[in-house]
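A.B. asks: This is structure_39.cif, which holds mmCIF, C-alpha atoms:
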data_start
loop_
_atom_site.label_atom_id
_atom_site.label_comp_id
_atom_site.auth_asym_id
_atom_site.auth_seq_id
_atom_site.Cartn_x
_atom_site.Cartn_y
_atom_site.Cartn_z
CA LEU A 1 -15.45 5.65 -152.72
CA THR A 2 -15.02 2.16 -151.31
CA LYS A 3 -16.81 1.51 -147.96
CA CYS A 4 -14.43 -0.07 -145.44
CA ALA A 5 -15.51 -2.54 -142.84
CA ALA A 6 -15.33 -1.37 -139.10
CA VAL A 7 -12.13 -2.44 -137.37
CA PRO A 8 -12.79 -3.96 -133.89
CA SER A 9 -11.26 -2.15 -130.82
CA GLY A 10 -8.30 -3.73 -129.08
CA ALA A 11 -8.38 -4.80 -125.36
CA THR A 12 -7.99 -2.03 -122.73
CA GLY A 13 -4.45 -1.71 -121.51
CA ALA A 14 -3.49 -2.24 -117.83
CA ARG A 15 -4.07 0.76 -115.47
CA GLY A 16 -0.93 2.76 -114.97
CA ALA A 17 0.57 3.30 -111.50
CA THR A 18 -0.83 6.20 -109.48
CA GLY A 19 1.27 9.31 -109.87
CA ALA A 20 3.29 10.78 -106.96
CA THR A 21 1.56 13.26 -104.63
CA GLY A 22 1.72 16.79 -106.00
CA ALA A 23 3.68 19.52 -104.23
CA GLN A 24 1.90 21.55 -101.47
CA GLY A 25 0.11 24.55 -102.93
CA VAL A 26 1.35 28.06 -102.14
CA GLN A 27 -0.02 29.52 -98.87
CA GLY A 28 -2.64 32.13 -99.58
CA VAL A 29 -1.91 35.72 -98.58
CA THR A 30 -3.19 36.63 -95.09
CA GLY A 31 -5.79 39.36 -95.22
CA ALA A 32 -5.00 42.77 -93.72
CA ILE A 33 -5.98 43.31 -90.02
CA GLY A 34 -9.13 45.36 -89.72
CA ALA A 35 -8.93 48.84 -88.25
CA THR A 36 -9.36 49.14 -84.46
CA GLY A 37 -12.81 50.37 -83.47
CA ALA A 38 -13.15 53.84 -81.96
CA THR A 39 -12.68 54.06 -78.14
CA GLY A 40 -15.95 54.42 -76.23
CA ALA A 41 -16.71 57.71 -74.54
CA THR A 42 -15.40 58.16 -70.97
CA GLY A 43 -18.08 57.46 -68.33
CA ALA A 44 -19.49 60.34 -66.30
CA GLN A 45 -17.52 61.44 -63.22
CA GLY A 46 -18.71 59.63 -60.04
CA ILE A 47 -20.32 61.63 -57.23
CA GLN A 48 -17.73 63.49 -55.14
CA GLY A 49 -17.33 61.82 -51.71
CA VAL A 50 -17.97 63.85 -48.58
CA THR A 51 -14.81 65.66 -47.49
CA GLY A 52 -13.53 64.26 -44.18
CA ALA A 53 -13.11 66.57 -41.21
CA THR A 54 -9.76 68.37 -41.13
CA GLY A 55 -7.37 66.95 -38.54
CA ALA A 56 -6.25 69.22 -35.69
CA THR A 57 -3.39 71.55 -36.58
CA GLY A 58 -0.06 70.62 -34.97
CA ALA A 59 1.55 73.02 -32.51
CA GLN A 60 3.31 75.98 -34.16
CA GLY A 61 7.10 75.56 -34.30
CA ILE A 62 9.31 78.33 -32.89
CA GLN A 63 9.39 81.26 -35.34
CA GLY A 64 12.91 81.84 -36.68
CA VAL A 65 14.24 85.35 -37.28
CA THR A 66 13.28 86.46 -40.76
CA GLY A 67 16.40 87.24 -42.83
CA ALA A 68 16.76 89.73 -45.62
CA THR A 69 15.01 88.90 -48.82
CA GLY A 70 17.35 87.80 -51.60
CA THR A 71 17.27 89.34 -55.06
CA PRO A 72 14.51 87.78 -57.08
CA GLY A 73 15.78 85.59 -59.94
CA LYS A 74 14.74 86.24 -63.51
CA GLN A 75 11.38 84.92 -64.51
CA GLY A 76 11.79 81.80 -66.64
CA VAL A 77 10.13 81.60 -70.04
CA THR A 78 6.67 80.19 -69.75
CA GLY A 79 6.28 77.00 -71.78
CA ALA A 80 3.50 76.68 -74.30
CA THR A 81 0.23 75.52 -72.85
CA GLY A 82 -0.65 71.95 -73.78
CA VAL A 83 -3.90 71.14 -75.49
CA THR A 84 -6.64 70.84 -72.93
CA GLY A 85 -8.46 67.49 -73.03
CA ALA A 86 -12.21 67.37 -73.13
CA THR A 87 -13.70 67.83 -69.66
CA GLY A 88 -15.78 64.91 -68.40
CA ALA A 89 -19.22 65.55 -67.00
CA GLN A 90 -18.98 67.09 -63.54
CA GLY A 91 -20.04 64.66 -60.78
CA ILE A 92 -22.36 65.82 -58.01
CA GLN A 93 -20.43 68.01 -55.59
CA GLY A 94 -20.05 66.37 -52.17
CA VAL A 95 -21.03 68.34 -49.08
CA THR A 96 -18.17 70.61 -48.03
CA GLY A 97 -17.27 70.47 -44.34
CA ALA A 98 -17.66 73.65 -42.30
CA THR A 99 -14.67 75.98 -42.56
CA GLY A 100 -12.90 76.66 -39.29
CA ALA A 101 -12.82 80.24 -38.00
CA THR A 102 -9.99 82.30 -39.49
CA GLY A 103 -7.45 83.52 -36.94
CA THR A 104 -6.71 87.22 -36.56
CA GLN A 105 -4.14 88.46 -39.04
CA GLY A 106 -0.85 89.28 -37.25
CA ILE A 107 1.14 92.44 -38.00
CA GLN A 108 3.38 91.88 -41.01
CA GLY A 109 7.02 92.03 -39.85
CA VAL A 110 9.95 93.05 -41.94
CA THR A 111 11.11 90.15 -44.03
CA GLY A 112 14.72 89.32 -43.15
CA ALA A 113 17.03 86.47 -43.95
CA THR A 114 15.53 83.06 -43.52
CA GLY A 115 16.06 81.91 -39.97
CA VAL A 116 16.84 78.48 -38.63
CA GLN A 117 14.03 75.99 -39.26
CA GLY A 118 11.76 75.77 -36.22
CA ILE A 119 10.98 72.46 -34.53
CA GLN A 120 8.47 70.56 -36.58
CA GLY A 121 5.07 70.64 -34.88
CA VAL A 122 3.23 67.40 -34.22
CA THR A 123 1.27 66.35 -37.27
CA GLY A 124 -2.45 66.40 -36.62
CA ALA A 125 -4.44 63.22 -37.00
CA THR A 126 -5.55 62.54 -40.55
CA GLY A 127 -9.23 63.20 -41.06
CA ALA A 128 -11.50 60.33 -41.96
CA THR A 129 -11.53 59.43 -45.66
CA GLY A 130 -14.65 60.62 -47.44
CA THR A 131 -17.12 58.14 -48.86
CA GLN A 132 -16.11 56.76 -52.28
CA GLY A 133 -18.00 58.49 -55.06
CA ILE A 134 -20.34 56.47 -57.26
CA GLN A 135 -18.48 54.69 -60.09
CA GLY A 136 -19.08 56.42 -63.39
CA VAL A 137 -20.85 54.46 -66.14
CA THR A 138 -18.39 52.59 -68.41
CA GLY A 139 -18.51 53.83 -71.97
CA ALA A 140 -19.80 51.55 -74.68
CA THR A 141 -17.22 49.29 -76.37
CA GLY A 142 -16.21 50.52 -79.79
CA ALA A 143 -17.28 48.55 -82.84
CA THR A 144 -14.92 45.75 -83.96
CA GLY A 145 -13.01 46.51 -87.15
CA VAL A 146 -13.81 44.63 -90.36
CA THR A 147 -12.03 41.26 -90.67
CA GLY A 148 -9.58 41.11 -93.57
CA ALA A 149 -10.35 38.85 -96.53
CA THR A 150 -9.19 35.22 -96.26
CA GLY A 151 -6.39 34.29 -98.69
CA ALA A 152 -7.11 31.83 -101.48
CA THR A 153 -6.75 28.12 -100.64
CA GLY A 154 -3.74 26.41 -102.22
CA VAL A 155 -4.21 23.64 -104.78
CA THR A 156 -4.89 20.22 -103.20
CA GLY A 157 -2.19 17.63 -103.96
CA ALA A 158 -3.03 14.28 -105.54
CA THR A 159 -4.27 11.49 -103.21
CA GLY A 160 -1.55 9.04 -102.10
CA VAL A 161 -1.69 5.26 -102.51
CA THR A 162 -4.12 3.49 -100.13
CA GLY A 163 -2.34 1.62 -97.32
CA GLY A 164 -2.76 -2.10 -96.70
CA THR A 165 -5.51 -3.51 -94.45
CA GLY A 166 -4.69 -3.38 -90.72
CA VAL A 167 -4.20 -6.47 -88.52
CA GLN A 168 -7.37 -8.16 -87.21
CA GLY A 169 -8.45 -6.66 -83.83
CA ILE A 170 -8.62 -8.73 -80.60
CA GLN A 171 -11.75 -10.84 -80.23
CA GLY A 172 -14.32 -9.03 -78.01
CA VAL A 173 -15.32 -10.49 -74.63
CA THR A 174 -18.21 -12.94 -74.77
CA GLY A 175 -21.42 -11.36 -73.42
CA ALA A 176 -22.95 -12.53 -70.13
CA THR A 177 -25.31 -15.48 -70.18
CA GLY A 178 -28.94 -14.39 -70.42
CA ALA A 179 -31.26 -14.78 -67.44
CA THR A 180 -32.86 -18.19 -66.84
CA GLY A 181 -36.42 -18.34 -68.07
CA ALA A 182 -39.31 -18.51 -65.61
CA THR A 183 -40.09 -21.95 -64.07
CA GLY A 184 -43.07 -23.62 -65.65
CA ALA A 185 -46.32 -24.00 -63.72
CA THR A 186 -46.54 -26.92 -61.21
CA GLY A 187 -48.53 -29.81 -62.53
CA ALA A 188 -51.85 -30.74 -60.96
CA THR A 189 -51.69 -32.77 -57.67
CA GLY A 190 -52.39 -36.48 -58.13
CA ALA A 191 -55.34 -38.16 -56.45
CA THR A 192 -54.91 -39.08 -52.74
CA GLY A 193 -54.16 -42.75 -52.19
CA VAL A 194 -56.40 -44.99 -50.07
CA THR A 195 -55.80 -44.63 -46.29
CA GLY A 196 -54.17 -47.73 -44.78
CA ALA A 197 -55.67 -49.67 -41.87
CA THR A 198 -55.06 -48.27 -38.35
CA GLY A 199 -52.35 -50.18 -36.47
CA THR A 200 -52.76 -51.64 -32.98
CA ALA A 201 -52.35 -49.02 -30.21
CA SER A 202 -48.98 -49.20 -28.41
CA THR A 203 -48.91 -49.48 -24.62
CA VAL A 204 -45.41 -47.99 -24.38
CA ALA A 205 -45.40 -44.30 -23.43
CA GLY A 206 -43.44 -42.02 -25.71
CA PRO A 207 -40.54 -39.92 -24.30
CA THR A 208 -41.41 -36.70 -22.46
CA GLY A 209 -40.86 -33.61 -24.57
CA ALA A 210 -38.20 -31.05 -23.60
CA THR A 211 -39.23 -28.31 -21.16
CA GLY A 212 -40.19 -25.12 -22.91
CA ALA A 213 -38.10 -21.94 -22.49
CA THR A 214 -38.91 -19.74 -19.51
CA GLY A 215 -41.12 -16.83 -20.47
CA ALA A 216 -39.83 -13.25 -20.26
CA ASN A 217 -40.33 -11.40 -16.97
CA GLY A 218 -43.42 -9.29 -16.83
CA ALA A 219 -43.15 -5.50 -16.70
CA THR A 220 -42.40 -4.05 -13.26
CA ALA A 221 -45.38 -2.27 -11.76
CA PRO A 222 -44.78 1.43 -10.93
CA LEU A 223 -44.18 2.27 -7.25
CA VAL A 224 -47.26 3.55 -5.38
CA ILE A 225 -46.86 6.65 -3.19
CA VAL A 226 -49.15 7.43 -0.26
CA LYS A 227 -49.18 10.73 1.67
CA ALA A 228 -49.84 11.52 5.36
CA ILE A 229 -50.06 14.82 7.27
CA ALA A 230 -49.06 14.72 10.95
CA ASN A 231 -51.15 16.95 13.19
CA ALA A 232 -53.05 16.82 16.49
CA GLY A 233 -55.89 14.85 14.90
CA ASN A 234 -53.68 12.50 12.88
CA THR A 235 -50.68 10.93 14.59
CA THR A 236 -50.39 7.48 12.98
CA VAL A 237 -50.74 5.58 9.71
CA THR A 238 -50.52 1.85 8.83
CA ILE A 239 -48.84 0.89 5.56
CA ALA A 240 -50.61 -1.86 3.57
CA ALA A 241 -48.75 -5.12 2.82
CA THR A 242 -49.33 -4.66 -0.95
CA GLY A 243 -50.09 -1.72 -3.22
CA GLN A 244 -48.20 0.85 -1.10
CA ASP A 245 -44.44 1.36 -1.58
CA ILE A 246 -43.53 4.92 -0.53
CA LEU A 247 -44.90 6.88 2.45
CA GLY A 248 -44.35 10.66 2.36
CA ILE A 249 -45.12 12.53 5.60
CA ASP A 250 -45.73 16.26 6.17
CA MET A 251 -44.49 17.02 9.75
CA SER A 252 -44.48 20.81 9.39
CA ALA A 253 -47.13 21.13 12.20
CA GLY A 254 -44.56 19.83 14.70
CA THR A 255 -46.61 16.77 15.78
CA ASN A 256 -44.90 13.43 16.53
CA PHE A 257 -45.95 10.67 14.13
CA THR A 258 -45.87 6.82 13.96
CA ALA A 259 -45.66 4.75 10.74
CA ASN A 260 -46.91 1.18 11.36
CA LEU A 261 -45.28 -1.45 9.11
CA PRO A 262 -47.35 -4.34 7.64
CA VAL A 263 -46.86 -7.95 8.80
CA CYS A 264 -43.54 -8.97 7.26
CA ALA A 265 -44.72 -12.46 6.25
CA ALA A 266 -47.78 -10.96 4.52
CA ALA A 267 -45.60 -8.45 2.65
CA ALA A 268 -43.52 -11.36 1.25
CA SER A 269 -39.78 -11.70 0.90
CA ALA A 270 -37.91 -8.78 -0.75
CA LYS A 271 -40.75 -6.33 -0.19
CA ILE A 272 -39.22 -2.81 -0.13
CA LEU A 273 -40.73 0.22 1.68
CA ILE A 274 -39.52 3.82 1.78
CA VAL A 275 -40.57 6.25 4.55
CA LYS A 276 -39.67 9.92 3.87
CA ILE A 277 -40.15 13.16 5.86
CA GLU A 278 -41.20 15.58 3.12
CA LYS A 279 -41.77 18.65 5.30
CA TYR A 280 -40.39 19.30 8.80
CA ASN A 281 -40.68 21.80 11.69
CA ASN A 282 -37.11 22.70 12.67
CA ALA A 283 -38.35 24.70 15.68
CA LEU A 284 -40.46 21.98 17.38
CA LEU A 285 -38.31 19.01 16.20
CA PRO A 286 -41.08 16.35 16.00
CA VAL A 287 -40.09 12.64 16.03
CA LEU A 288 -41.11 10.00 13.46
CA THR A 289 -41.29 6.42 14.81
CA ILE A 290 -41.28 3.36 12.50
CA LEU A 291 -43.06 0.49 14.31
CA PRO A 292 -42.99 -3.14 13.05
CA ASN A 293 -46.14 -5.25 13.46
CA GLY A 294 -46.43 -7.59 16.50
CA THR A 295 -43.21 -9.54 17.07
CA ASP A 296 -41.59 -8.35 13.80
CA LYS A 297 -38.29 -6.51 14.19
CA ILE A 298 -36.45 -3.74 12.33
CA ASP A 299 -32.67 -4.16 12.40
CA ASN A 300 -33.32 -6.58 15.34
CA ALA A 301 -35.02 -3.77 17.30
CA ALA A 302 -38.67 -3.25 18.27
CA SER A 303 -38.78 0.19 16.49
CA GLN A 304 -36.74 3.00 14.93
CA ALA A 305 -37.20 6.72 15.57
CA PHE A 306 -35.67 9.80 13.94
CA GLY A 307 -36.56 13.42 13.31
CA ASN A 308 -34.78 15.70 10.88
CA SER A 309 -35.56 17.68 7.76
CA GLY A 310 -35.43 15.41 4.72
CA GLY A 311 -34.90 12.28 6.85
CA ALA A 312 -35.79 8.93 5.29
CA ARG A 313 -35.55 5.14 5.77
CA ARG A 314 -35.46 2.44 3.10
CA MET A 315 -36.34 -1.08 4.34
CA TYR A 316 -36.77 -4.54 2.94
CA CYS A 317 -38.54 -7.60 4.41
CA ASP A 318 -37.03 -11.10 4.51
CA GLY A 319 -40.51 -12.71 4.63
CA THR A 320 -39.92 -14.24 8.07
CA GLY A 321 -40.61 -11.29 10.39
CA ASN A 322 -37.50 -9.15 9.94
CA TRP A 323 -37.20 -5.68 8.37
CA TYR A 324 -33.77 -4.26 7.53
CA ALA A 325 -32.92 -0.63 6.77
CA PHE A 326 -30.45 0.05 3.95
#
Could you render the structure from this file as structure tokens?

C.D. replies:
Amino acid sequence: LTKCAAVPSGATGARGATGATGAQGVQGVTGAIGATGATGATGAQGIQGVTGATGATGAQGIQGVTGATGTPGKQGVTGATGVTGATGAQGIQGVTGATGATGTQGIQGVTGATGVQGIQGVTGATGATGTQGIQGVTGATGATGVTGATGATGVTGATGVTGGTGVQGIQGVTGATGATGATGATGATGATGVTGATGTASTVAGPTGATGATGANGATAPLVIVKAIANAGNTTVTIAATGQDILGIDMSAGTNFTANLPVCAAAASAKILIVKIEKYNNALLPVLTILPNGTDKIDNAASQAFGNSGGARRMYCDGTGNWYAF
């Protein structure tokens, strides 16, 4: 046999166009629905509620005359008894109310024709509803039926041609500028220059500086109260020019009393004094006299006198010898 030389392969042909998408595969058959689970057993009967008291019986209507008894009709055929369902567990019997006394049996009269219907007696009040019995336990839920088998998946169609590249998206917003870096350390202080020669002292006085702001007012001192008891051994008191602001006097003993004012000029302008009768004897009606010092006046008078339960005088001094009540 003659050995032939190997023939070189030709160039690969161009790739053919992608075939059209295949038809949608057939929908798989839906599996059968699983059987419904058995119904859970009925819960036990709740406890019977207490029977409410029986309402009062309405008044008996007027008894009609009993008519003759009609001929009894034929007995109808009794229908077949239905199947009796299973009896649930008996709940606990509620307490039965006491039975009312039975009335005496009347003599049985002859049964006549049915008389006219008597007037309907008043309906007695409905007895209170008994307490709701305890809710029976709910039976367990039956088991869920088996899920039917899933149908087979249809054949996947061929992949379609890839779409062209989308348009370029909008340029994103430029990020915020980063924080400024920390300031570098301050360079070392240069050497102090040589102090210049002192100039000749000026003989011209500089301008006077502005007056400083007035300081805040100091806190007001609390008023000072002094007490006095008027009696046979104590009939007068002198109020000090400073350090005493309110004089309270007990005049329950019925003794007249004099309150001597300080020198007005020593008390200073706008000094205020209060003289108050704290306790008083309404039977003896004692008198309280306010007496200025020396030639001082009170409301342009040499003195002021008053006497009453709860009486009081408020006065101020003008600093020149005059007291005024207000």

A.B. asks: Can you list, as a list in words, the residues that the PyMOL selection byres ((chain A and resi 236) around 9) selects here?

C.D. replies: Ala228, Ala230, Asn234, Thr235, Val237, Thr238, Asn256, Phe257, Thr258, Ala259 and Asn260 of chain A

A.B. asks: To one decimal in Å, tell me the separation between atom CA of Gly311 of chain A and atom CA of Gln244 of chain A.

C.D. replies: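 Rounded to one decimal, the two atoms are 19.3 Å apart.
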
A.B. asks: Name the residues that the PyMOL selection byres ((chain A and resi 283) around 12) pulls out of this structure, and write them as a PyMOL selection string.

C.D. replies: chain A and resi 251-255+280-282+284-286+307-309

A.B. asks: Taking into account only C-alpha atoms, which residue in the set A:Gly209, A:Ala179, A:Asp299, A:Ala152 is nearest to Val26 of chain A?

C.D. replies: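 Between A:Gly209, A:Ala179, A:Asp299, A:Ala152, the residue approaching Val26 of chain A most closely is A:Ala152.
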
A.B. asks: Need to verify the contact set: Ser269 of chain A, 9 Å, all atoms listed in the file, exclusion of same-chain residues closer than 3 positions in sequence. Can you return it as a VMD selection string?

C.D. replies: chain A and resid 264 to 266 272 316 to 320

A.B. asks: What does the structure give for the distance between atom CA of Ser303 of chain A and atom CA of Lys279 of chain A, in Å to one decimal?

C.D. replies: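 Between atom CA of Ser303 of chain A and atom CA of Lys279 of chain A the gap is 21.8 Å.
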
A.B. asks: Could you tell me, as a count of residues only, exactly which residues end up selected when the PyMOL selection byres ((chain A and resi 323) around 12) is applied to this structure?

C.D. replies: 40

A.B. asks: Enter the distance from atom CA of Leu247 of chain A to atom CA of Leu223 of chain A, in Å, rounded to one decimal.

C.D. replies: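 Pair atom CA of Leu247 of chain A / atom CA of Leu223 of chain A returns 10.8 Å.
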
A.B. asks: For segment 309-320 of chain A of the block above, can you save all heavy atoms as a PDB file, in the first residue's frame?

C.D. replies:
ATOM      1  N   SER A 309     -58.800  95.468 118.819  1.00  0.00           N
ATOM      2  CA  SER A 309     -58.187  94.176 118.525  1.00  0.00           C
ATOM      3  C   SER A 309     -57.629  94.169 117.112  1.00  0.00           C
ATOM      4  O   SER A 309     -58.315  94.513 116.159  1.00  0.00           O
ATOM      5  CB  SER A 309     -59.249  93.067 118.660  1.00  0.00           C
ATOM      6  OG  SER A 309     -58.683  91.812 118.369  1.00  0.00           O
ATOM      7  N   GLY A 310     -56.353  93.839 116.984  1.00  0.00           N
ATOM      8  CA  GLY A 310     -55.706  93.792 115.678  1.00  0.00           C
ATOM      9  C   GLY A 310     -55.315  95.142 115.142  1.00  0.00           C
ATOM     10  O   GLY A 310     -54.870  95.241 113.992  1.00  0.00           O
ATOM     11  N   GLY A 311     -55.436  96.231 115.942  1.00  0.00           N
ATOM     12  CA  GLY A 311     -55.083  97.561 115.467  1.00  0.00           C
ATOM     13  C   GLY A 311     -53.597  97.674 115.164  1.00  0.00           C
ATOM     14  O   GLY A 311     -52.763  97.008 115.775  1.00  0.00           O
ATOM     15  N   ALA A 312     -53.254  98.561 114.212  1.00  0.00           N
ATOM     16  CA  ALA A 312     -51.849  98.720 113.834  1.00  0.00           C
ATOM     17  C   ALA A 312     -51.644 100.090 113.196  1.00  0.00           C
ATOM     18  O   ALA A 312     -52.589 100.714 112.715  1.00  0.00           O
ATOM     19  CB  ALA A 312     -51.424  97.610 112.868  1.00  0.00           C
ATOM     20  N   ARG A 313     -50.372 100.555 113.215  1.00  0.00           N
ATOM     21  CA  ARG A 313     -49.974 101.789 112.539  1.00  0.00           C
ATOM     22  C   ARG A 313     -48.664 101.528 111.810  1.00  0.00           C
ATOM     23  O   ARG A 313     -47.732 100.964 112.380  1.00  0.00           O
ATOM     24  CB  ARG A 313     -49.789 102.954 113.527  1.00  0.00           C
ATOM     25  CG  ARG A 313     -51.077 103.485 114.139  1.00  0.00           C
ATOM     26  CD  ARG A 313     -51.950 104.205 113.115  1.00  0.00           C
ATOM     27  NE  ARG A 313     -53.115 104.820 113.740  1.00  0.00           N
ATOM     28  CZ  ARG A 313     -54.253 104.190 113.997  1.00  0.00           C
ATOM     29  NH1 ARG A 313     -54.363 102.896 113.701  1.00  0.00           N
ATOM     30  NH2 ARG A 313     -55.277 104.817 114.546  1.00  0.00           N
ATOM     31  N   ARG A 314     -48.618 101.960 110.539  1.00  0.00           N
ATOM     32  CA  ARG A 314     -47.357 101.947 109.788  1.00  0.00           C
ATOM     33  C   ARG A 314     -46.941 103.395 109.601  1.00  0.00           C
ATOM     34  O   ARG A 314     -47.757 104.232 109.202  1.00  0.00           O
ATOM     35  CB  ARG A 314     -47.544 101.275 108.425  1.00  0.00           C
ATOM     36  CG  ARG A 314     -47.829  99.785 108.509  1.00  0.00           C
ATOM     37  CD  ARG A 314     -47.831  99.145 107.129  1.00  0.00           C
ATOM     38  NE  ARG A 314     -48.796  99.769 106.232  1.00  0.00           N
ATOM     39  CZ  ARG A 314     -48.841  99.572 104.914  1.00  0.00           C
ATOM     40  NH1 ARG A 314     -47.937  98.787 104.341  1.00  0.00           N
ATOM     41  NH2 ARG A 314     -49.752 100.169 104.166  1.00  0.00           N
ATOM     42  N   MET A 315     -45.651 103.710 109.873  1.00  0.00           N
ATOM     43  CA  MET A 315     -45.165 105.099 109.838  1.00  0.00           C
ATOM     44  C   MET A 315     -43.820 105.168 109.135  1.00  0.00           C
ATOM     45  O   MET A 315     -43.050 104.202 109.189  1.00  0.00           O
ATOM     46  CB  MET A 315     -45.001 105.629 111.276  1.00  0.00           C
ATOM     47  CG  MET A 315     -46.289 105.638 112.094  1.00  0.00           C
ATOM     48  SD  MET A 315     -45.926 105.669 113.867  1.00  0.00           S
ATOM     49  CE  MET A 315     -45.401 103.980 114.122  1.00  0.00           C
ATOM     50  N   TYR A 316     -43.585 106.310 108.492  1.00  0.00           N
ATOM     51  CA  TYR A 316     -42.256 106.543 107.946  1.00  0.00           C
ATOM     52  C   TYR A 316     -41.776 107.917 108.404  1.00  0.00           C
ATOM     53  O   TYR A 316     -42.572 108.809 108.697  1.00  0.00           O
ATOM     54  CB  TYR A 316     -42.251 106.452 106.413  1.00  0.00           C
ATOM     55  CG  TYR A 316     -43.028 107.529 105.703  1.00  0.00           C
ATOM     56  CD1 TYR A 316     -42.419 108.742 105.336  1.00  0.00           C
ATOM     57  CD2 TYR A 316     -44.370 107.341 105.374  1.00  0.00           C
ATOM     58  CE1 TYR A 316     -43.142 109.735 104.683  1.00  0.00           C
ATOM     59  CE2 TYR A 316     -45.094 108.320 104.712  1.00  0.00           C
ATOM     60  CZ  TYR A 316     -44.471 109.529 104.366  1.00  0.00           C
ATOM     61  OH  TYR A 316     -45.176 110.508 103.716  1.00  0.00           O
ATOM     62  N   CYS A 317     -40.439 108.074 108.443  1.00  0.00           N
ATOM     63  CA  CYS A 317     -39.815 109.316 108.919  1.00  0.00           C
ATOM     64  C   CYS A 317     -39.231 110.072 107.730  1.00  0.00           C
ATOM     65  O   CYS A 317     -38.641 109.460 106.840  1.00  0.00           O
ATOM     66  CB  CYS A 317     -38.712 108.966 109.924  1.00  0.00           C
ATOM     67  SG  CYS A 317     -37.692 110.368 110.409  1.00  0.00           S
ATOM     68  N   ASP A 318     -39.410 111.427 107.719  1.00  0.00           N
ATOM     69  CA  ASP A 318     -38.832 112.207 106.626  1.00  0.00           C
ATOM     70  C   ASP A 318     -37.417 112.698 106.930  1.00  0.00           C
ATOM     71  O   ASP A 318     -36.812 113.400 106.140  1.00  0.00           O
ATOM     72  CB  ASP A 318     -39.750 113.391 106.278  1.00  0.00           C
ATOM     73  CG  ASP A 318     -39.847 114.419 107.407  1.00  0.00           C
ATOM     74  OD1 ASP A 318     -39.189 114.219 108.453  1.00  0.00           O
ATOM     75  OD2 ASP A 318     -40.600 115.401 107.236  1.00  0.00           O
ATOM     76  N   GLY A 319     -36.882 112.314 108.098  1.00  0.00           N
ATOM     77  CA  GLY A 319     -35.506 112.678 108.471  1.00  0.00           C
ATOM     78  C   GLY A 319     -35.364 114.081 109.059  1.00  0.00           C
ATOM     79  O   GLY A 319     -34.260 114.473 109.415  1.00  0.00           O
ATOM     80  N   THR A 320     -36.485 114.824 109.130  1.00  0.00           N
ATOM     81  CA  THR A 320     -36.404 116.196 109.636  1.00  0.00           C
ATOM     82  C   THR A 320     -37.332 116.419 110.834  1.00  0.00           C
ATOM     83  O   THR A 320     -37.681 117.561 111.132  1.00  0.00           O
ATOM     84  CB  THR A 320     -36.732 117.208 108.530  1.00  0.00           C
ATOM     85  OG1 THR A 320     -38.085 116.976 108.111  1.00  0.00           O
ATOM     86  CG2 THR A 320     -35.787 117.067 107.340  1.00  0.00           C
TER      87      THR A 320
END
